[in-house]
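Enquirer: Just one file: work-v2.cif, with mmCIF, N, CA and C atoms.
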data_coords
loop_
_atom_site.label_atom_id
_atom_site.label_comp_id
_atom_site.auth_asym_id
_atom_site.auth_seq_id
_atom_site.Cartn_x
_atom_site.Cartn_y
_atom_site.Cartn_z
N MET A 1 0.84 -1.18 0.00
CA MET A 1 0.00 0.00 0.00
C MET A 1 0.88 1.24 0.00
N THR A 2 0.49 2.21 -0.77
CA THR A 2 1.24 3.46 -0.91
C THR A 2 1.11 4.30 0.35
N HIS A 3 2.23 4.85 0.76
CA HIS A 3 2.26 5.76 1.91
C HIS A 3 2.85 7.08 1.41
N LEU A 4 2.19 8.17 1.75
CA LEU A 4 2.61 9.49 1.28
C LEU A 4 2.80 10.46 2.43
N LYS A 5 3.61 11.43 2.17
CA LYS A 5 3.69 12.61 3.03
C LYS A 5 3.59 13.79 2.07
N ILE A 6 2.61 14.65 2.30
CA ILE A 6 2.42 15.80 1.41
C ILE A 6 2.30 17.08 2.22
N ARG A 7 2.53 18.19 1.53
CA ARG A 7 2.38 19.49 2.16
C ARG A 7 1.36 20.29 1.35
N VAL A 8 0.43 20.90 2.07
CA VAL A 8 -0.53 21.83 1.49
C VAL A 8 -0.34 23.13 2.27
N GLU A 9 0.21 24.12 1.58
CA GLU A 9 0.60 25.36 2.23
C GLU A 9 1.58 25.01 3.36
N GLU A 10 1.25 25.28 4.60
CA GLU A 10 2.18 24.99 5.70
C GLU A 10 1.84 23.71 6.44
N LYS A 11 0.79 23.03 6.04
CA LYS A 11 0.32 21.84 6.76
C LYS A 11 0.83 20.57 6.07
N VAL A 12 1.32 19.62 6.87
CA VAL A 12 1.83 18.35 6.35
C VAL A 12 0.85 17.25 6.71
N PHE A 13 0.55 16.41 5.72
CA PHE A 13 -0.33 15.25 5.89
C PHE A 13 0.50 14.00 5.61
N ASP A 14 0.28 12.97 6.42
CA ASP A 14 1.06 11.74 6.34
C ASP A 14 0.11 10.57 6.43
N GLY A 15 0.18 9.64 5.47
CA GLY A 15 -0.66 8.45 5.53
C GLY A 15 -0.89 7.86 4.16
N THR A 16 -1.84 6.94 4.08
CA THR A 16 -2.22 6.39 2.79
C THR A 16 -2.98 7.46 2.02
N PRO A 17 -3.11 7.31 0.72
CA PRO A 17 -3.86 8.31 -0.03
C PRO A 17 -5.27 8.53 0.51
N VAL A 18 -5.98 7.48 0.83
CA VAL A 18 -7.35 7.65 1.32
C VAL A 18 -7.37 8.30 2.70
N GLU A 19 -6.36 8.05 3.53
CA GLU A 19 -6.28 8.72 4.83
C GLU A 19 -6.05 10.23 4.64
N ILE A 20 -5.23 10.59 3.67
CA ILE A 20 -4.97 12.01 3.41
C ILE A 20 -6.22 12.69 2.86
N ILE A 21 -6.89 12.06 1.92
CA ILE A 21 -8.11 12.64 1.36
C ILE A 21 -9.19 12.72 2.44
N THR A 22 -9.25 11.74 3.33
CA THR A 22 -10.19 11.79 4.44
C THR A 22 -9.90 12.99 5.34
N ALA A 23 -8.63 13.28 5.57
CA ALA A 23 -8.26 14.45 6.36
C ALA A 23 -8.70 15.73 5.66
N PHE A 24 -8.53 15.80 4.33
CA PHE A 24 -9.03 16.96 3.57
C PHE A 24 -10.54 17.09 3.75
N HIS A 25 -11.23 15.96 3.63
CA HIS A 25 -12.70 15.92 3.76
C HIS A 25 -13.12 16.43 5.13
N ASP A 26 -12.45 15.95 6.16
CA ASP A 26 -12.81 16.33 7.52
C ASP A 26 -12.60 17.82 7.79
N GLU A 27 -11.66 18.45 7.07
CA GLU A 27 -11.40 19.87 7.26
C GLU A 27 -12.24 20.76 6.34
N ASN A 28 -12.97 20.16 5.43
CA ASN A 28 -13.79 20.91 4.48
C ASN A 28 -15.01 21.48 5.19
N PHE A 29 -15.34 22.73 4.90
CA PHE A 29 -16.49 23.37 5.53
C PHE A 29 -17.80 22.67 5.18
N PHE A 30 -17.84 22.03 4.04
CA PHE A 30 -19.07 21.40 3.56
C PHE A 30 -18.98 19.88 3.60
N HIS A 31 -18.20 19.34 4.53
CA HIS A 31 -17.98 17.89 4.54
C HIS A 31 -19.26 17.09 4.73
N ASP A 32 -20.29 17.66 5.33
CA ASP A 32 -21.55 16.93 5.50
C ASP A 32 -22.27 16.70 4.17
N GLU A 33 -21.91 17.48 3.14
CA GLU A 33 -22.52 17.31 1.82
C GLU A 33 -21.97 16.08 1.09
N PHE A 34 -20.89 15.53 1.58
CA PHE A 34 -20.23 14.40 0.92
C PHE A 34 -20.14 13.25 1.92
N PRO A 35 -21.17 12.39 1.97
CA PRO A 35 -21.24 11.36 3.00
C PRO A 35 -20.16 10.28 2.91
N THR A 36 -19.60 10.06 1.71
CA THR A 36 -18.55 9.04 1.58
C THR A 36 -17.30 9.68 0.99
N ILE A 37 -16.19 9.00 1.17
CA ILE A 37 -14.94 9.48 0.59
C ILE A 37 -15.04 9.45 -0.93
N GLY A 38 -15.72 8.46 -1.48
CA GLY A 38 -15.92 8.40 -2.92
C GLY A 38 -16.64 9.63 -3.44
N ASP A 39 -17.67 10.07 -2.71
CA ASP A 39 -18.40 11.29 -3.09
C ASP A 39 -17.48 12.50 -3.04
N TYR A 40 -16.66 12.58 -2.01
CA TYR A 40 -15.74 13.72 -1.87
C TYR A 40 -14.70 13.71 -2.98
N ILE A 41 -14.17 12.55 -3.32
CA ILE A 41 -13.19 12.45 -4.40
C ILE A 41 -13.81 12.94 -5.72
N ARG A 42 -15.04 12.52 -6.00
CA ARG A 42 -15.73 12.98 -7.22
C ARG A 42 -15.91 14.50 -7.19
N HIS A 43 -16.26 15.05 -6.03
CA HIS A 43 -16.40 16.50 -5.88
C HIS A 43 -15.08 17.21 -6.18
N GLU A 44 -14.01 16.71 -5.60
CA GLU A 44 -12.69 17.33 -5.80
C GLU A 44 -12.25 17.21 -7.26
N GLN A 45 -12.57 16.09 -7.90
CA GLN A 45 -12.26 15.91 -9.31
C GLN A 45 -13.00 16.97 -10.14
N SER A 46 -14.27 17.14 -9.87
CA SER A 46 -15.07 18.13 -10.59
C SER A 46 -14.54 19.54 -10.35
N LEU A 47 -14.20 19.85 -9.11
CA LEU A 47 -13.66 21.17 -8.77
C LEU A 47 -12.33 21.42 -9.47
N PHE A 48 -11.48 20.41 -9.52
CA PHE A 48 -10.20 20.50 -10.22
C PHE A 48 -10.42 20.91 -11.67
N VAL A 49 -11.31 20.20 -12.37
CA VAL A 49 -11.59 20.47 -13.77
C VAL A 49 -12.18 21.88 -13.94
N GLN A 50 -13.12 22.22 -13.06
CA GLN A 50 -13.78 23.53 -13.13
C GLN A 50 -12.78 24.67 -12.94
N LEU A 51 -11.87 24.54 -11.99
CA LEU A 51 -10.94 25.63 -11.66
C LEU A 51 -9.75 25.72 -12.60
N THR A 52 -9.32 24.58 -13.14
CA THR A 52 -8.11 24.58 -13.97
C THR A 52 -8.39 24.47 -15.46
N GLY A 53 -9.54 23.92 -15.82
CA GLY A 53 -9.82 23.65 -17.22
C GLY A 53 -9.04 22.46 -17.75
N LEU A 54 -8.37 21.75 -16.85
CA LEU A 54 -7.58 20.58 -17.21
C LEU A 54 -8.33 19.30 -16.84
N PRO A 55 -8.06 18.20 -17.53
CA PRO A 55 -8.68 16.94 -17.14
C PRO A 55 -8.09 16.45 -15.81
N CYS A 56 -8.86 15.70 -15.10
CA CYS A 56 -8.42 15.10 -13.83
C CYS A 56 -8.80 13.62 -13.87
N PRO A 57 -8.06 12.84 -14.66
CA PRO A 57 -8.42 11.44 -14.81
C PRO A 57 -8.21 10.65 -13.51
N LEU A 58 -9.22 9.85 -13.18
CA LEU A 58 -9.14 8.97 -12.02
C LEU A 58 -9.53 7.57 -12.46
N PRO A 59 -8.88 6.55 -11.92
CA PRO A 59 -9.23 5.19 -12.30
C PRO A 59 -10.57 4.77 -11.69
N ASP A 60 -11.16 3.75 -12.26
CA ASP A 60 -12.41 3.18 -11.71
C ASP A 60 -12.09 2.06 -10.75
N ASP A 61 -11.13 2.29 -9.86
CA ASP A 61 -10.68 1.28 -8.92
C ASP A 61 -11.18 1.60 -7.51
N THR A 62 -10.40 1.25 -6.54
CA THR A 62 -10.75 1.49 -5.14
C THR A 62 -10.63 2.96 -4.80
N ASP A 63 -11.22 3.34 -3.69
CA ASP A 63 -11.08 4.73 -3.22
C ASP A 63 -9.62 5.08 -3.02
N ASP A 64 -8.80 4.12 -2.57
CA ASP A 64 -7.38 4.40 -2.35
C ASP A 64 -6.68 4.72 -3.67
N GLU A 65 -6.97 3.96 -4.72
CA GLU A 65 -6.36 4.23 -6.03
C GLU A 65 -6.85 5.56 -6.60
N ARG A 66 -8.12 5.85 -6.40
CA ARG A 66 -8.68 7.12 -6.88
C ARG A 66 -8.08 8.29 -6.09
N ALA A 67 -7.92 8.11 -4.78
CA ALA A 67 -7.31 9.15 -3.94
C ALA A 67 -5.86 9.41 -4.36
N LEU A 68 -5.12 8.34 -4.64
CA LEU A 68 -3.73 8.49 -5.08
C LEU A 68 -3.66 9.26 -6.40
N ALA A 69 -4.53 8.92 -7.34
CA ALA A 69 -4.55 9.62 -8.63
C ALA A 69 -4.90 11.09 -8.43
N LEU A 70 -5.86 11.39 -7.56
CA LEU A 70 -6.23 12.78 -7.29
C LEU A 70 -5.04 13.54 -6.71
N ILE A 71 -4.36 12.94 -5.75
CA ILE A 71 -3.19 13.59 -5.14
C ILE A 71 -2.12 13.85 -6.19
N ARG A 72 -1.88 12.89 -7.06
CA ARG A 72 -0.87 13.08 -8.11
C ARG A 72 -1.28 14.18 -9.09
N ASN A 73 -2.57 14.23 -9.42
CA ASN A 73 -3.05 15.31 -10.29
C ASN A 73 -2.86 16.66 -9.63
N LEU A 74 -3.15 16.76 -8.34
CA LEU A 74 -2.96 18.01 -7.61
C LEU A 74 -1.49 18.40 -7.55
N ALA A 75 -0.62 17.41 -7.40
CA ALA A 75 0.82 17.68 -7.39
C ALA A 75 1.30 18.16 -8.75
N ASP A 76 0.72 17.63 -9.81
CA ASP A 76 1.12 18.02 -11.17
C ASP A 76 0.86 19.51 -11.44
N ILE A 77 -0.12 20.09 -10.77
CA ILE A 77 -0.41 21.52 -10.96
C ILE A 77 0.13 22.35 -9.80
N ASP A 78 0.97 21.74 -8.96
CA ASP A 78 1.60 22.41 -7.82
C ASP A 78 0.62 22.91 -6.77
N ALA A 79 -0.55 22.27 -6.68
CA ALA A 79 -1.51 22.61 -5.63
C ALA A 79 -1.09 22.01 -4.30
N ILE A 80 -0.34 20.93 -4.37
CA ILE A 80 0.24 20.30 -3.19
C ILE A 80 1.67 19.89 -3.52
N GLU A 81 2.45 19.61 -2.49
CA GLU A 81 3.81 19.15 -2.68
C GLU A 81 3.94 17.76 -2.07
N VAL A 82 4.37 16.79 -2.86
CA VAL A 82 4.59 15.44 -2.35
C VAL A 82 6.00 15.40 -1.77
N LEU A 83 6.07 15.15 -0.47
CA LEU A 83 7.37 15.11 0.23
C LEU A 83 7.94 13.69 0.21
N GLU A 84 7.08 12.68 0.33
CA GLU A 84 7.50 11.28 0.29
C GLU A 84 6.44 10.48 -0.43
N ASP A 85 6.89 9.50 -1.23
CA ASP A 85 5.98 8.62 -1.95
C ASP A 85 6.60 7.23 -1.90
N ALA A 86 6.11 6.41 -0.99
CA ALA A 86 6.69 5.08 -0.82
C ALA A 86 5.64 3.99 -0.93
#
Show me this structure written as structure tokens.
Expert:
Amino acid sequence: MTHLKIRVEEKVFDGTPVEIITAFHDENFFHDEFPTIGDYIRHEQSLFVQLTGLPCPLPDDTDDERALALIRNLADIDAIEVLEDA
């Protein structure tokens, strides 16, 4: 299983991709609107496309694989910094 350490602004997140996305979800002001992590990932994917005009491809796999792809897409546009990827 993939383990990551990422930085968003001054905050560092450490864990599996789904643990990191869950932490993002928990800090979101509207987290009650997204009852599952899968719903939140889809929301973030849509927001990514809306704000950047770029595609945000995610696999049709597990939430962990989708979370990892989302994190990598965010890193590709420098929205987050991946400090460790193991």
Enquirer: Can you tell me which residues surround A:Tyr40 at a distance of at most 8 Å, considering only C-alpha atoms, apart from same-chain residues fewer than 4 positions away, and format the answer as a ChimeraX atom specification?
Expert: /A:25,31,34-36,44
Enquirer: Would you save the residues from that selection as a compact mmCIF listing (two decimals), in the frame of the given file, using N, CA and C atoms?
Expert:
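What ended up in part_22.txt:
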# COMPACT_ATOMS: atom_id res chain seq x y z
N HIS A 25 -11.23 15.96 3.63
CA HIS A 25 -12.70 15.92 3.76
C HIS A 25 -13.12 16.43 5.13
N HIS A 31 -18.20 19.34 4.53
CA HIS A 31 -17.98 17.89 4.54
C HIS A 31 -19.26 17.09 4.73
N PHE A 34 -20.89 15.53 1.58
CA PHE A 34 -20.23 14.40 0.92
C PHE A 34 -20.14 13.25 1.92
N PRO A 35 -21.17 12.39 1.97
CA PRO A 35 -21.24 11.36 3.00
C PRO A 35 -20.16 10.28 2.91
N THR A 36 -19.60 10.06 1.71
CA THR A 36 -18.55 9.04 1.58
C THR A 36 -17.30 9.68 0.99
N GLU A 44 -14.01 16.71 -5.60
CA GLU A 44 -12.69 17.33 -5.80
C GLU A 44 -12.25 17.21 -7.26
Enquirer: Report, in Å to a single decimal, how far apart atom N of A:Val8 and atom N of A:Asp76 are.
Expert: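 Value for the atom N of A:Asp76-atom N of A:Val8 distance: 12.3 Å.
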Enquirer: DSSP on the backbone: what in chain A comes out strand (DSSP E or B), as a VMD selection string?
Expert: chain A and resid 4 to 8 11 to 15 81 to 85
Enquirer: Suppose we keep N, CA and C atoms; can you now write the selection as a PDB file, keeping the file's coordinate frame?
Expert:
ATOM      1  N   LEU A   4       2.190   8.170   1.750  1.00  0.00           N
ATOM      2  CA  LEU A   4       2.610   9.490   1.280  1.00  0.00           C
ATOM      3  C   LEU A   4       2.800  10.460   2.430  1.00  0.00           C
ATOM      4  N   LYS A   5       3.610  11.430   2.170  1.00  0.00           N
ATOM      5  CA  LYS A   5       3.690  12.610   3.030  1.00  0.00           C
ATOM      6  C   LYS A   5       3.590  13.790   2.070  1.00  0.00           C
ATOM      7  N   ILE A   6       2.610  14.650   2.300  1.00  0.00           N
ATOM      8  CA  ILE A   6       2.420  15.800   1.410  1.00  0.00           C
ATOM      9  C   ILE A   6       2.300  17.080   2.220  1.00  0.00           C
ATOM     10  N   ARG A   7       2.530  18.190   1.530  1.00  0.00           N
ATOM     11  CA  ARG A   7       2.380  19.490   2.160  1.00  0.00           C
ATOM     12  C   ARG A   7       1.360  20.290   1.350  1.00  0.00           C
ATOM     13  N   VAL A   8       0.430  20.900   2.070  1.00  0.00           N
ATOM     14  CA  VAL A   8      -0.530  21.830   1.490  1.00  0.00           C
ATOM     15  C   VAL A   8      -0.340  23.130   2.270  1.00  0.00           C
ATOM     16  N   LYS A  11       0.790  23.030   6.040  1.00  0.00           N
ATOM     17  CA  LYS A  11       0.320  21.840   6.760  1.00  0.00           C
ATOM     18  C   LYS A  11       0.830  20.570   6.070  1.00  0.00           C
ATOM     19  N   VAL A  12       1.320  19.620   6.870  1.00  0.00           N
ATOM     20  CA  VAL A  12       1.830  18.350   6.350  1.00  0.00           C
ATOM     21  C   VAL A  12       0.850  17.250   6.710  1.00  0.00           C
ATOM     22  N   PHE A  13       0.550  16.410   5.720  1.00  0.00           N
ATOM     23  CA  PHE A  13      -0.330  15.250   5.890  1.00  0.00           C
ATOM     24  C   PHE A  13       0.500  14.000   5.610  1.00  0.00           C
ATOM     25  N   ASP A  14       0.280  12.970   6.420  1.00  0.00           N
ATOM     26  CA  ASP A  14       1.060  11.740   6.340  1.00  0.00           C
ATOM     27  C   ASP A  14       0.110  10.570   6.430  1.00  0.00           C
ATOM     28  N   GLY A  15       0.180   9.640   5.470  1.00  0.00           N
ATOM     29  CA  GLY A  15      -0.660   8.450   5.530  1.00  0.00           C
ATOM     30  C   GLY A  15      -0.890   7.860   4.160  1.00  0.00           C
ATOM     31  N   GLU A  81       2.450  19.610  -2.490  1.00  0.00           N
ATOM     32  CA  GLU A  81       3.810  19.150  -2.680  1.00  0.00           C
ATOM     33  C   GLU A  81       3.940  17.760  -2.070  1.00  0.00           C
ATOM     34  N   VAL A  82       4.370  16.790  -2.860  1.00  0.00           N
ATOM     35  CA  VAL A  82       4.590  15.440  -2.350  1.00  0.00           C
ATOM     36  C   VAL A  82       6.000  15.400  -1.770  1.00  0.00           C
ATOM     37  N   LEU A  83       6.070  15.150  -0.470  1.00  0.00           N
ATOM     38  CA  LEU A  83       7.370  15.110   0.230  1.00  0.00           C
ATOM     39  C   LEU A  83       7.940  13.690   0.210  1.00  0.00           C
ATOM     40  N   GLU A  84       7.080  12.680   0.330  1.00  0.00           N
ATOM     41  CA  GLU A  84       7.500  11.280   0.290  1.00  0.00           C
ATOM     42  C   GLU A  84       6.440  10.480  -0.430  1.00  0.00           C
ATOM     43  N   ASP A  85       6.890   9.500  -1.230  1.00  0.00           N
ATOM     44  CA  ASP A  85       5.980   8.620  -1.950  1.00  0.00           C
ATOM     45  C   ASP A  85       6.600   7.230  -1.900  1.00  0.00           C
TER      46      ASP A  85
END
Enquirer: What is the atom CA of A:Phe13-atom CA of A:Ile77 distance in Å, reported with one decimal?
Expert: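 If I compute the distance from atom CA of A:Phe13 to atom CA of A:Ile77, I get 18.0 Å.
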Enquirer: Go ahead and compute the interatomic distance for atom C of A:Leu70 and atom CA of A:Ala86, in Å to one decimal.
Expert: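 Distance between the two atoms: 15.6 Å.
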Enquirer: Translate the PyMOL selection byres ((chain A and resi 18) around 8), as applied to the file shown, into an explicit residue set as a list of chain:residue names.
Expert: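 What the PyMOL selection byres ((chain A and resi 18) around 8) grabs from the file is A:Thr2, A:Gly15, A:Thr16, A:Pro17, A:Glu19, A:Ile20, A:Ile21, A:Thr22, A:Ala23, A:Phe24, A:Ile37, A:Asp63, A:Asp64, A:Glu65, A:Arg66, A:Ala67, A:Leu68.
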Enquirer: Could you check the closest approach to A:Ala79 for each of A:Glu27, A:Asp61, A:Leu54, A:Glu9 and tell me which residue wins, using only C-alpha atoms?
Expert: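 Comparing A:Glu27, A:Asp61, A:Leu54, A:Glu9 against A:Ala79, the winner is A:Glu9.
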Enquirer: Which residues fall under the PyMOL selection byres ((chain A and resi 6) around 7) in this file, as a list of chain:residue names?
Expert: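 Taken on the displayed file, the PyMOL selection byres ((chain A and resi 6) around 7) yields the residues A:Leu4, A:Lys5, A:Arg7, A:Val8, A:Lys11, A:Val12, A:Phe13, A:Asp14, A:Gly15, A:Ile80, A:Glu81, A:Val82, A:Leu83, A:Glu84.
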Enquirer: Residues of the last selection are to be written out with N, CA and C atoms, as an mmCIF file, in the coordinates of the input.
Expert:
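That gives us again20.cif:
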data_model
loop_
_atom_site.group_PDB
_atom_site.id
_atom_site.type_symbol
_atom_site.label_atom_id
_atom_site.label_comp_id
_atom_site.auth_asym_id
_atom_site.auth_seq_id
_atom_site.Cartn_x
_atom_site.Cartn_y
_atom_site.Cartn_z
ATOM 1 N N LEU A 4 2.190 8.170 1.750
ATOM 2 C CA LEU A 4 2.610 9.490 1.280
ATOM 3 C C LEU A 4 2.800 10.460 2.430
ATOM 4 N N LYS A 5 3.610 11.430 2.170
ATOM 5 C CA LYS A 5 3.690 12.610 3.030
ATOM 6 C C LYS A 5 3.590 13.790 2.070
ATOM 7 N N ARG A 7 2.530 18.190 1.530
ATOM 8 C CA ARG A 7 2.380 19.490 2.160
ATOM 9 C C ARG A 7 1.360 20.290 1.350
ATOM 10 N N VAL A 8 0.430 20.900 2.070
ATOM 11 C CA VAL A 8 -0.530 21.830 1.490
ATOM 12 C C VAL A 8 -0.340 23.130 2.270
ATOM 13 N N LYS A 11 0.790 23.030 6.040
ATOM 14 C CA LYS A 11 0.320 21.840 6.760
ATOM 15 C C LYS A 11 0.830 20.570 6.070
ATOM 16 N N VAL A 12 1.320 19.620 6.870
ATOM 17 C CA VAL A 12 1.830 18.350 6.350
ATOM 18 C C VAL A 12 0.850 17.250 6.710
ATOM 19 N N PHE A 13 0.550 16.410 5.720
ATOM 20 C CA PHE A 13 -0.330 15.250 5.890
ATOM 21 C C PHE A 13 0.500 14.000 5.610
ATOM 22 N N ASP A 14 0.280 12.970 6.420
ATOM 23 C CA ASP A 14 1.060 11.740 6.340
ATOM 24 C C ASP A 14 0.110 10.570 6.430
ATOM 25 N N GLY A 15 0.180 9.640 5.470
ATOM 26 C CA GLY A 15 -0.660 8.450 5.530
ATOM 27 C C GLY A 15 -0.890 7.860 4.160
ATOM 28 N N ILE A 80 -0.340 20.930 -4.370
ATOM 29 C CA ILE A 80 0.240 20.300 -3.190
ATOM 30 C C ILE A 80 1.670 19.890 -3.520
ATOM 31 N N GLU A 81 2.450 19.610 -2.490
ATOM 32 C CA GLU A 81 3.810 19.150 -2.680
ATOM 33 C C GLU A 81 3.940 17.760 -2.070
ATOM 34 N N VAL A 82 4.370 16.790 -2.860
ATOM 35 C CA VAL A 82 4.590 15.440 -2.350
ATOM 36 C C VAL A 82 6.000 15.400 -1.770
ATOM 37 N N LEU A 83 6.070 15.150 -0.470
ATOM 38 C CA LEU A 83 7.370 15.110 0.230
ATOM 39 C C LEU A 83 7.940 13.690 0.210
ATOM 40 N N GLU A 84 7.080 12.680 0.330
ATOM 41 C CA GLU A 84 7.500 11.280 0.290
ATOM 42 C C GLU A 84 6.440 10.480 -0.430
#
Enquirer: Select, from A:Met1, A:Leu74, A:Thr52, A:Pro59, the residue with the minimum atom-to-atom distance to A:Gly38, counting only C-alpha atoms.
Expert: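 Checking each candidate against A:Gly38, we get A:Pro59 as the closest.
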Enquirer: Which of chain A end up as helix (DSSP H, G or I) when DSSP is run on this backbone - answer as a PyMOL selection string?
Expert: chain A and resi 17-27+31-33+37-52+63-76
